[in-house]
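Peer 1: Before we start, here is the structure in question, set down as structure tokens.
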Amino acid sequence: MKNDRWLTAFVILVLATLACQTITGGGVNPTDVVIPTSPTTGNDNLNSNESLNENSNDSGGAEDGTSDAGFPLPPDATSVTDMGPDLVTFQTEMSLEEVMAFYRDVLGKEGYTERVDLTVTAGPTFSMVFDGHESGKALAVQAVEFAGSVTVTLSLQDI
């Protein structure tokens, strides 16, 4: 019964995320934005043909592979959305199994412990819970495979 609530909450969260992306047109990828420059901008490091990608992190998070909230991100994370200090979503081309392995490895090295009894995989989704965050809250890692990519949600929760 408890696992059913987790799965239902996860599916609702993923659908809400996808709906928000659909309504807003999926957002603008910062790597696709071209910044024209002119002599009056004072930026001698760019010419009019250079894109923002060459001067920013194209993962949408920090250059060290973490989100602004401090959550670890895989190297190919795109569409990173920090929704406050306790919630981050992103997309990846990794498989569900690769995402699970990535978080087991990275979080394990950071001292987190997986609550194996709360790990649920069902079709194109999974949910995992890790203890060890400095806030005392559990870190939930949830993902759904949709349209050829995987949308991952990381959130801190009182579980």
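Quick note on naming: the chains in the structure tokens go A, B, ... in the order shown, residues restart at 1 in each chain, and ligands are numbered from 1 in order of appearance.
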Check which residues of region 53-129 of chain A sit at most 6 Å from region 137-153 of chain A using only C-alpha atoms, and return one row each with the closest pair of atoms and their distance in Å to one decimal, ordered by chain and rising number, as a Markdown table.
Peer 2:
```
| residue | atom | partner | partner_atom | distance |
| --- | --- | --- | --- | --- |
| A:Val88 | CA | A:Thr153 | CA | 5.7 |
| A:Thr89 | CA | A:Thr153 | CA | 4.4 |
| A:Phe90 | CA | A:Val152 | CA | 5.5 |
| A:Gln91 | CA | A:Thr151 | CA | 4.5 |
| A:Thr92 | CA | A:Val150 | CA | 5.3 |
| A:Glu93 | CA | A:Ser149 | CA | 5.1 |
| A:Pro124 | CA | A:Glu145 | CA | 5.1 |
| A:Thr125 | CA | A:Val144 | CA | 4.3 |
| A:Phe126 | CA | A:Ala143 | CA | 5.5 |
| A:Ser127 | CA | A:Gln142 | CA | 4.3 |
| A:Met128 | CA | A:Val141 | CA | 5.1 |
| A:Val129 | CA | A:Ala140 | CA | 4.5 |
```
Peer 1: Could you give me, as a ChimeraX atom specification, the residues within 10 Å of Pro85 (chain A), counting only C-alpha atoms and dropping anything in the same chain fewer than 6 positions from it?
Peer 2: /A:67-71,155-156
Peer 1: Could you pull out the residues in region 97-158 of chain A that DSSP calls strand (DSSP E) from the backbone, as an MDAnalysis selection string?
Peer 2: chainID A and resid 113:114 120:122 125:131 138:146 149:157
Peer 1: In Å, rounded to a single decimal, give me how far CA of Ser79 (chain A) is from CA of Arg115 (chain A).
Peer 2: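 The value is 27.8 Å.
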Peer 1: A:Glu114, A:Gly123, A:Phe102, A:Asp86: which is nearest Asp158 (chain A), counting only C-alpha atoms?
Peer 2: A:Asp86
Peer 1: Kindly indicate which residue among A:Met100, A:Val106, A:Glu134, A:Asp117 lies nearest to Thr66 (chain A), using only C-alpha atoms for the distances.
Peer 2: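 Among A:Met100, A:Val106, A:Glu134, A:Asp117, it is A:Val106 that comes nearest to Thr66 (chain A).
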Peer 1: Just checking: using only C-alpha atoms, which residue out of A:Pro75, A:Val116, A:Thr81, A:Thr121 ends up closest to Glu97 (chain A)?
Peer 2: A:Thr121
Peer 1: One number please: CA of Glu110 (chain A) to CA of Glu98 (chain A), in Å, one decimal.
Peer 2: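 Straight-line distance from CA of Glu110 (chain A) to CA of Glu98 (chain A) works out to 18.2 Å.
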Peer 1: Separation of CA of Ser95 (chain A) and CA of Val80 (chain A), in Å?
Peer 2: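 Value for the CA of Ser95 (chain A)-CA of Val80 (chain A) distance: 17.3 Å.
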